[in-house]
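Report on the following structure.
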Amino acid sequence: MEVPITILFVSRPLNLISDSPLVQETFDFVRENGGRAAFTRITDSIFHLNNATEELAASLVRDLVENDPRFDMEAKHLAIKLDKIESRSLSDLEFVVVDVEAIAAKSIPTRVIEIGACRVAHGRIVDEFESLVNPELALPPFISTLTGISEDMLASAPLFAEVA
């Protein structure tokens with residue numbers, strides 16, 4: 001008796017190595033070459049395969065950068081999408097980095113005890129914000145030891161609604 005065989009074609013998952021140094025090295029290489037580079041040049045530089053055929057080079061590069069939103073695959077080249085913010089260097093962007101300290105307990109929602117933020121423009125901190133926040137509940141000793149924040153410091157701090 002023949003048993004039927006079912007073959008499933010599952011779509012490939014998102015690139016599992018998108019944060020790989022090889023992907024970033026490829027991005028940097030393509031950017032340094034005007035935003036576009038031949039697959040064979042990439043495999044020569046990144047993989048150190050100087051005799052790869054165009055087909056092998058295209059396959060290797062495609063597998064490496066598949067689903068990375070910064071790239072466009074052309075017939076024989078890899079190109080950087082110029083209209084994507086992901087393709088820009090952090091030193092070219094303005095953004096805010098936020099740090100939050102909070103406490104939590106089983107019977108109450110998480111409460112913020114400190115908020116800090118730095119605005120970064122072109123690789124330099126251009127503005128800073130920091131405020132303690134009164135959580136309106138007791139501060140666990142462990143959190144006090146971990147953060148260096150004491151209950152006395154929080155007692156005179158503004159409430160979250162005032163800081164937000």
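In the structure tokens, each chain is lettered A, B, ... as it comes, each chain's residues begin at 1, and ligands are numbered from 1 in order of appearance.
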
Quick one: contact table of stretch 43-104 of chain A to stretch 119-133 of chain A, 6 Å max, nearest atom pair and distance in Å to one decimal per residue, counting only C-alpha atoms, chain and number order, as CSV?
```
residue,atom,partner,partner_atom,distance
A:Ser91,CA,A:His122,CA,4.4
A:Asp92,CA,A:His122,CA,5.0
A:Leu93,CA,A:His122,CA,5.6
A:Glu94,CA,A:Ala121,CA,4.2
A:Phe95,CA,A:Val120,CA,5.4
A:Val96,CA,A:Arg119,CA,4.4
```

Subject >> Filtered DSSP result for chain A, state strand (DSSP E), as a VMD selection string >> reply: chain A and resid 36 to 38 71 to 73 77 to 80 94 to 105 108 to 121 124 to 132

Can those selected residues be exported to a file as a JSON list (two decimals), in the first residue's frame so that it contains C-alpha atoms?
```json
[["chain", "number", "residue", "atom", "x", "y", "z"],
["A", 36, "ARG", "CA", 25.30, 49.80, -4.81],
["A", 37, "ALA", "CA", 27.70, 46.88, -5.26],
["A", 38, "ALA", "CA", 27.91, 43.79, -7.45],
["A", 71, "PHE", "CA", 18.47, 46.50, 0.96],
["A", 72, "ASP", "CA", 17.10, 46.14, -2.56],
["A", 73, "MET", "CA", 18.13, 43.11, -4.60],
["A", 77, "HIS", "CA", 23.76, 44.17, -7.54],
["A", 78, "LEU", "CA", 22.78, 44.80, -3.97],
["A", 79, "ALA", "CA", 21.59, 48.36, -3.34],
["A", 80, "ILE", "CA", 20.74, 50.35, -0.26],
["A", 94, "GLU", "CA", 18.15, 62.93, 15.77],
["A", 95, "PHE", "CA", 16.51, 60.72, 18.39],
["A", 96, "VAL", "CA", 15.71, 60.42, 22.09],
["A", 97, "VAL", "CA", 17.03, 57.71, 24.39],
["A", 98, "VAL", "CA", 14.74, 57.04, 27.37],
["A", 99, "ASP", "CA", 15.60, 55.19, 30.58],
["A", 100, "VAL", "CA", 12.94, 54.29, 33.12],
["A", 101, "GLU", "CA", 13.33, 52.86, 36.61],
["A", 102, "ALA", "CA", 10.24, 51.18, 38.02],
["A", 103, "ILE", "CA", 9.01, 49.00, 40.85],
["A", 104, "ALA", "CA", 6.41, 46.27, 40.75],
["A", 105, "ALA", "CA", 4.59, 44.02, 43.16],
["A", 108, "ILE", "CA", -0.25, 46.47, 42.36],
["A", 109, "PRO", "CA", 0.58, 47.73, 38.88],
["A", 110, "THR", "CA", 4.15, 48.68, 38.01],
["A", 111, "ARG", "CA", 5.06, 52.18, 39.16],
["A", 112, "VAL", "CA", 7.72, 54.44, 37.65],
["A", 113, "ILE", "CA", 10.23, 55.90, 40.11],
["A", 114, "GLU", "CA", 12.60, 57.67, 37.71],
["A", 115, "ILE", "CA", 12.59, 58.87, 34.11],
["A", 116, "GLY", "CA", 15.67, 59.98, 32.22],
["A", 117, "ALA", "CA", 16.01, 61.04, 28.61],
["A", 118, "CYS", "CA", 18.73, 62.35, 26.31],
["A", 119, "ARG", "CA", 18.09, 63.97, 22.95],
["A", 120, "VAL", "CA", 20.87, 63.01, 20.54],
["A", 121, "ALA", "CA", 21.51, 64.91, 17.33],
["A", 124, "ARG", "CA", 26.00, 64.47, 20.29],
["A", 125, "ILE", "CA", 23.77, 64.80, 23.34],
["A", 126, "VAL", "CA", 21.99, 68.14, 22.86],
["A", 127, "ASP", "CA", 19.44, 68.02, 25.69],
["A", 128, "GLU", "CA", 18.83, 65.99, 28.83],
["A", 129, "PHE", "CA", 15.89, 65.38, 31.15],
["A", 130, "GLU", "CA", 15.79, 63.55, 34.47],
["A", 131, "SER", "CA", 13.15, 63.35, 37.16],
["A", 132, "LEU", "CA", 12.40, 61.17, 40.11]]
```

Shell around A:Asp44 at 12 Å using only C-alpha atoms, local window under 3 positions removed, as a PDB file with all heavy atoms, in the first residue's frame:
```
ATOM      1  N   THR A  26      28.320  44.080   5.372  1.00  0.00           N
ATOM      2  CA  THR A  26      27.821  44.174   3.998  1.00  0.00           C
ATOM      3  C   THR A  26      27.193  45.538   3.758  1.00  0.00           C
ATOM      4  O   THR A  26      27.442  46.183   2.738  1.00  0.00           O
ATOM      5  CB  THR A  26      26.802  43.049   3.710  1.00  0.00           C
ATOM      6  OG1 THR A  26      27.449  41.785   3.912  1.00  0.00           O
ATOM      7  CG2 THR A  26      26.253  43.132   2.299  1.00  0.00           C
ATOM      8  N   PHE A  29      29.923  48.084   3.479  1.00  0.00           N
ATOM      9  CA  PHE A  29      30.636  47.926   2.208  1.00  0.00           C
ATOM     10  C   PHE A  29      29.840  48.545   1.055  1.00  0.00           C
ATOM     11  O   PHE A  29      30.385  49.290   0.238  1.00  0.00           O
ATOM     12  CB  PHE A  29      30.916  46.447   1.930  1.00  0.00           C
ATOM     13  CG  PHE A  29      31.604  46.189   0.622  1.00  0.00           C
ATOM     14  CD1 PHE A  29      32.973  46.362   0.502  1.00  0.00           C
ATOM     15  CD2 PHE A  29      30.880  45.779  -0.491  1.00  0.00           C
ATOM     16  CE1 PHE A  29      33.613  46.131  -0.713  1.00  0.00           C
ATOM     17  CE2 PHE A  29      31.507  45.548  -1.699  1.00  0.00           C
ATOM     18  CZ  PHE A  29      32.883  45.728  -1.808  1.00  0.00           C
ATOM     19  N   ALA A  37      26.506  47.691  -4.994  1.00  0.00           N
ATOM     20  CA  ALA A  37      27.702  46.881  -5.258  1.00  0.00           C
ATOM     21  C   ALA A  37      27.300  45.556  -5.893  1.00  0.00           C
ATOM     22  O   ALA A  37      26.264  44.981  -5.559  1.00  0.00           O
ATOM     23  CB  ALA A  37      28.466  46.627  -3.952  1.00  0.00           C
ATOM     24  N   ALA A  38      28.143  45.082  -6.792  1.00  0.00           N
ATOM     25  CA  ALA A  38      27.908  43.793  -7.447  1.00  0.00           C
ATOM     26  C   ALA A  38      28.037  42.663  -6.424  1.00  0.00           C
ATOM     27  O   ALA A  38      28.855  42.727  -5.506  1.00  0.00           O
ATOM     28  CB  ALA A  38      28.922  43.589  -8.574  1.00  0.00           C
ATOM     29  N   PHE A  39      27.214  41.633  -6.600  1.00  0.00           N
ATOM     30  CA  PHE A  39      27.244  40.490  -5.681  1.00  0.00           C
ATOM     31  C   PHE A  39      28.640  39.881  -5.595  1.00  0.00           C
ATOM     32  O   PHE A  39      29.100  39.519  -4.525  1.00  0.00           O
ATOM     33  CB  PHE A  39      26.239  39.408  -6.116  1.00  0.00           C
ATOM     34  CG  PHE A  39      24.814  39.862  -6.107  1.00  0.00           C
ATOM     35  CD1 PHE A  39      23.992  39.615  -7.192  1.00  0.00           C
ATOM     36  CD2 PHE A  39      24.274  40.531  -5.014  1.00  0.00           C
ATOM     37  CE1 PHE A  39      22.665  40.013  -7.192  1.00  0.00           C
ATOM     38  CE2 PHE A  39      22.949  40.940  -4.997  1.00  0.00           C
ATOM     39  CZ  PHE A  39      22.146  40.676  -6.096  1.00  0.00           C
ATOM     40  N   THR A  40      29.333  39.797  -6.733  1.00  0.00           N
ATOM     41  CA  THR A  40      30.661  39.187  -6.731  1.00  0.00           C
ATOM     42  C   THR A  40      31.657  40.024  -5.936  1.00  0.00           C
ATOM     43  O   THR A  40      32.538  39.492  -5.269  1.00  0.00           O
ATOM     44  CB  THR A  40      31.176  38.987  -8.174  1.00  0.00           C
ATOM     45  OG1 THR A  40      31.070  40.220  -8.893  1.00  0.00           O
ATOM     46  CG2 THR A  40      30.380  37.899  -8.890  1.00  0.00           C
ATOM     47  N   ARG A  41      31.526  41.346  -5.985  1.00  0.00           N
ATOM     48  CA  ARG A  41      32.409  42.205  -5.179  1.00  0.00           C
ATOM     49  C   ARG A  41      32.121  42.023  -3.693  1.00  0.00           C
ATOM     50  O   ARG A  41      33.028  42.070  -2.861  1.00  0.00           O
ATOM     51  CB  ARG A  41      32.239  43.675  -5.579  1.00  0.00           C
ATOM     52  CG  ARG A  41      32.831  43.951  -6.957  1.00  0.00           C
ATOM     53  CD  ARG A  41      33.122  45.406  -7.221  1.00  0.00           C
ATOM     54  NE  ARG A  41      34.055  45.949  -6.242  1.00  0.00           N
ATOM     55  CZ  ARG A  41      33.918  47.153  -5.691  1.00  0.00           C
ATOM     56  NH1 ARG A  41      32.907  47.930  -6.010  1.00  0.00           N
ATOM     57  NH2 ARG A  41      34.799  47.597  -4.828  1.00  0.00           N
ATOM     58  N   PHE A  47      32.915  37.652   2.209  1.00  0.00           N
ATOM     59  CA  PHE A  47      33.110  36.212   2.411  1.00  0.00           C
ATOM     60  C   PHE A  47      34.513  35.744   2.038  1.00  0.00           C
ATOM     61  O   PHE A  47      34.857  34.586   2.272  1.00  0.00           O
ATOM     62  CB  PHE A  47      32.090  35.404   1.591  1.00  0.00           C
ATOM     63  CG  PHE A  47      30.672  35.629   1.994  1.00  0.00           C
ATOM     64  CD1 PHE A  47      29.803  36.318   1.176  1.00  0.00           C
ATOM     65  CD2 PHE A  47      30.184  35.145   3.195  1.00  0.00           C
ATOM     66  CE1 PHE A  47      28.487  36.519   1.531  1.00  0.00           C
ATOM     67  CE2 PHE A  47      28.868  35.339   3.567  1.00  0.00           C
ATOM     68  CZ  PHE A  47      28.013  36.029   2.736  1.00  0.00           C
ATOM     69  N   HIS A  48      35.289  36.619   1.421  1.00  0.00           N
ATOM     70  CA  HIS A  48      36.639  36.289   0.951  1.00  0.00           C
ATOM     71  C   HIS A  48      36.613  35.121  -0.033  1.00  0.00           C
ATOM     72  O   HIS A  48      37.475  34.244   0.002  1.00  0.00           O
ATOM     73  CB  HIS A  48      37.579  36.013   2.128  1.00  0.00           C
ATOM     74  CG  HIS A  48      37.645  37.155   3.083  1.00  0.00           C
ATOM     75  ND1 HIS A  48      38.294  38.336   2.802  1.00  0.00           N
ATOM     76  CD2 HIS A  48      37.084  37.313   4.317  1.00  0.00           C
ATOM     77  CE1 HIS A  48      38.157  39.167   3.821  1.00  0.00           C
ATOM     78  NE2 HIS A  48      37.423  38.588   4.744  1.00  0.00           N
ATOM     79  N   LEU A  49      35.616  35.146  -0.920  1.00  0.00           N
ATOM     80  CA  LEU A  49      35.491  34.154  -1.990  1.00  0.00           C
ATOM     81  C   LEU A  49      35.721  34.880  -3.307  1.00  0.00           C
ATOM     82  O   LEU A  49      34.805  35.421  -3.916  1.00  0.00           O
ATOM     83  CB  LEU A  49      34.092  33.517  -1.985  1.00  0.00           C
ATOM     84  CG  LEU A  49      33.708  32.714  -0.750  1.00  0.00           C
ATOM     85  CD1 LEU A  49      32.251  32.289  -0.836  1.00  0.00           C
ATOM     86  CD2 LEU A  49      34.606  31.493  -0.629  1.00  0.00           C
ATOM     87  N   ASN A  50      36.956  34.897  -3.777  1.00  0.00           N
ATOM     88  CA  ASN A  50      37.262  35.688  -4.964  1.00  0.00           C
ATOM     89  C   ASN A  50      36.962  34.985  -6.279  1.00  0.00           C
ATOM     90  O   ASN A  50      37.080  35.584  -7.331  1.00  0.00           O
ATOM     91  CB  ASN A  50      38.709  36.188  -4.941  1.00  0.00           C
ATOM     92  CG  ASN A  50      39.705  35.065  -4.742  1.00  0.00           C
ATOM     93  OD1 ASN A  50      39.342  33.902  -4.762  1.00  0.00           O
ATOM     94  ND2 ASN A  50      40.954  35.443  -4.545  1.00  0.00           N
ATOM     95  N   ASN A  51      36.551  33.722  -6.241  1.00  0.00           N
ATOM     96  CA  ASN A  51      36.246  33.014  -7.486  1.00  0.00           C
ATOM     97  C   ASN A  51      34.792  32.581  -7.563  1.00  0.00           C
ATOM     98  O   ASN A  51      34.449  31.700  -8.347  1.00  0.00           O
ATOM     99  CB  ASN A  51      37.157  31.783  -7.647  1.00  0.00           C
ATOM    100  CG  ASN A  51      38.609  32.180  -7.867  1.00  0.00           C
ATOM    101  OD1 ASN A  51      38.880  33.160  -8.550  1.00  0.00           O
ATOM    102  ND2 ASN A  51      39.520  31.437  -7.288  1.00  0.00           N
ATOM    103  N   ALA A  52      33.922  33.181  -6.778  1.00  0.00           N
ATOM    104  CA  ALA A  52      32.511  32.799  -6.790  1.00  0.00           C
ATOM    105  C   ALA A  52      31.864  33.222  -8.107  1.00  0.00           C
ATOM    106  O   ALA A  52      32.113  34.317  -8.608  1.00  0.00           O
ATOM    107  CB  ALA A  52      31.777  33.439  -5.619  1.00  0.00           C
ATOM    108  N   THR A  53      31.045  32.333  -8.648  1.00  0.00           N
ATOM    109  CA  THR A  53      30.302  32.691  -9.857  1.00  0.00           C
ATOM    110  C   THR A  53      29.252  33.728  -9.489  1.00  0.00           C
ATOM    111  O   THR A  53      28.907  33.909  -8.317  1.00  0.00           O
ATOM    112  CB  THR A  53      29.591  31.459 -10.450  1.00  0.00           C
ATOM    113  OG1 THR A  53      28.616  30.999  -9.509  1.00  0.00           O
ATOM    114  CG2 THR A  53      30.585  30.339 -10.784  1.00  0.00           C
ATOM    115  N   GLU A  54      28.718  34.388 -10.506  1.00  0.00           N
ATOM    116  CA  GLU A  54      27.671  35.381 -10.243  1.00  0.00           C
ATOM    117  C   GLU A  54      26.464  34.740  -9.572  1.00  0.00           C
ATOM    118  O   GLU A  54      25.856  35.330  -8.681  1.00  0.00           O
ATOM    119  CB  GLU A  54      27.252  36.075 -11.551  1.00  0.00           C
ATOM    120  CG  GLU A  54      28.273  37.071 -12.033  1.00  0.00           C
ATOM    121  CD  GLU A  54      27.784  37.889 -13.219  1.00  0.00           C
ATOM    122  OE1 GLU A  54      26.574  37.884 -13.520  1.00  0.00           O
ATOM    123  OE2 GLU A  54      28.637  38.544 -13.842  1.00  0.00           O
ATOM    124  N   LEU A  56      26.397  31.971  -7.624  1.00  0.00           N
ATOM    125  CA  LEU A  56      26.718  31.646  -6.238  1.00  0.00           C
ATOM    126  C   LEU A  56      26.776  32.917  -5.389  1.00  0.00           C
ATOM    127  O   LEU A  56      26.233  32.970  -4.288  1.00  0.00           O
ATOM    128  CB  LEU A  56      28.048  30.899  -6.147  1.00  0.00           C
ATOM    129  CG  LEU A  56      28.541  30.585  -4.720  1.00  0.00           C
ATOM    130  CD1 LEU A  56      27.528  29.726  -3.964  1.00  0.00           C
ATOM    131  CD2 LEU A  56      29.916  29.924  -4.761  1.00  0.00           C
ATOM    132  N   ALA A  57      27.401  33.946  -5.926  1.00  0.00           N
ATOM    133  CA  ALA A  57      27.504  35.211  -5.196  1.00  0.00           C
ATOM    134  C   ALA A  57      26.123  35.780  -4.902  1.00  0.00           C
ATOM    135  O   ALA A  57      25.842  36.206  -3.778  1.00  0.00           O
ATOM    136  CB  ALA A  57      28.343  36.206  -5.992  1.00  0.00           C
ATOM    137  N   ALA A  58      25.249  35.777  -5.906  1.00  0.00           N
ATOM    138  CA  ALA A  58      23.892  36.298  -5.712  1.00  0.00           C
ATOM    139  C   ALA A  58      23.153  35.489  -4.651  1.00  0.00           C
ATOM    140  O   ALA A  58      22.465  36.045  -3.792  1.00  0.00           O
ATOM    141  CB  ALA A  58      23.132  36.280  -7.031  1.00  0.00           C
ATOM    142  N   LEU A  60      24.443  33.683  -2.131  1.00  0.00           N
ATOM    143  CA  LEU A  60      25.016  33.934  -0.800  1.00  0.00           C
ATOM    144  C   LEU A  60      24.570  35.282  -0.239  1.00  0.00           C
ATOM    145  O   LEU A  60      24.170  35.387   0.923  1.00  0.00           O
ATOM    146  CB  LEU A  60      26.543  33.875  -0.863  1.00  0.00           C
ATOM    147  CG  LEU A  60      27.167  32.506  -1.077  1.00  0.00           C
ATOM    148  CD1 LEU A  60      28.662  32.640  -1.361  1.00  0.00           C
ATOM    149  CD2 LEU A  60      26.925  31.611   0.128  1.00  0.00           C
ATOM    150  N   VAL A  61      24.620  36.296  -1.078  1.00  0.00           N
ATOM    151  CA  VAL A  61      24.223  37.629  -0.625  1.00  0.00           C
ATOM    152  C   VAL A  61      22.728  37.661  -0.320  1.00  0.00           C
ATOM    153  O   VAL A  61      22.296  38.213   0.696  1.00  0.00           O
ATOM    154  CB  VAL A  61      24.614  38.703  -1.661  1.00  0.00           C
ATOM    155  CG1 VAL A  61      24.025  40.058  -1.293  1.00  0.00           C
ATOM    156  CG2 VAL A  61      26.130  38.788  -1.777  1.00  0.00           C
TER     157      VAL A  61
END
```

Original post:
Counting only C-alpha atoms, what is within 8 Å of A:Leu22, bar same-chain residues fewer than 3 positions away, as JSON, numbers by chain?
Top reply: {"A": [25, 26, 46, 64]}

Original post:
Would you give me, as an NGL selection string, the residues in chain A that DSSP reads as alpha helix (DSSP H)?
Top reply: :A and (21-32 or 39-42 or 54-65 or 141-147 or 151-155 or 160-163)

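Nearest-residue note for A:Asn67: choosing from A:Val23, A:Leu146, A:Ala155, A:Ala138, the minimum distance belongs to A:Val23, counting only C-alpha atoms.
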
**OP:** Calculate how many Å separate atom CA of A:Ser156 from atom CA of A:Asn134, rounding to one decimal.
**Re:** 7.3 Å

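For the atom pair formed by atom CA of A:Leu82 and atom CA of A:Arg62, the distance is 18.6 Å, given to one decimal.
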
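One finds atom CA of A:Phe160 at 7.4 Å from atom CA of A:Pro135.
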
**OP:** For A:Lys81, work out the shell of residues within 12 Å, counting only C-alpha atoms and skipping chain neighbours fewer than 3 positions away, then give it as a ChimeraX atom specification.
**Re:** /A:27,30-31,34-36,68-74,78,84-88
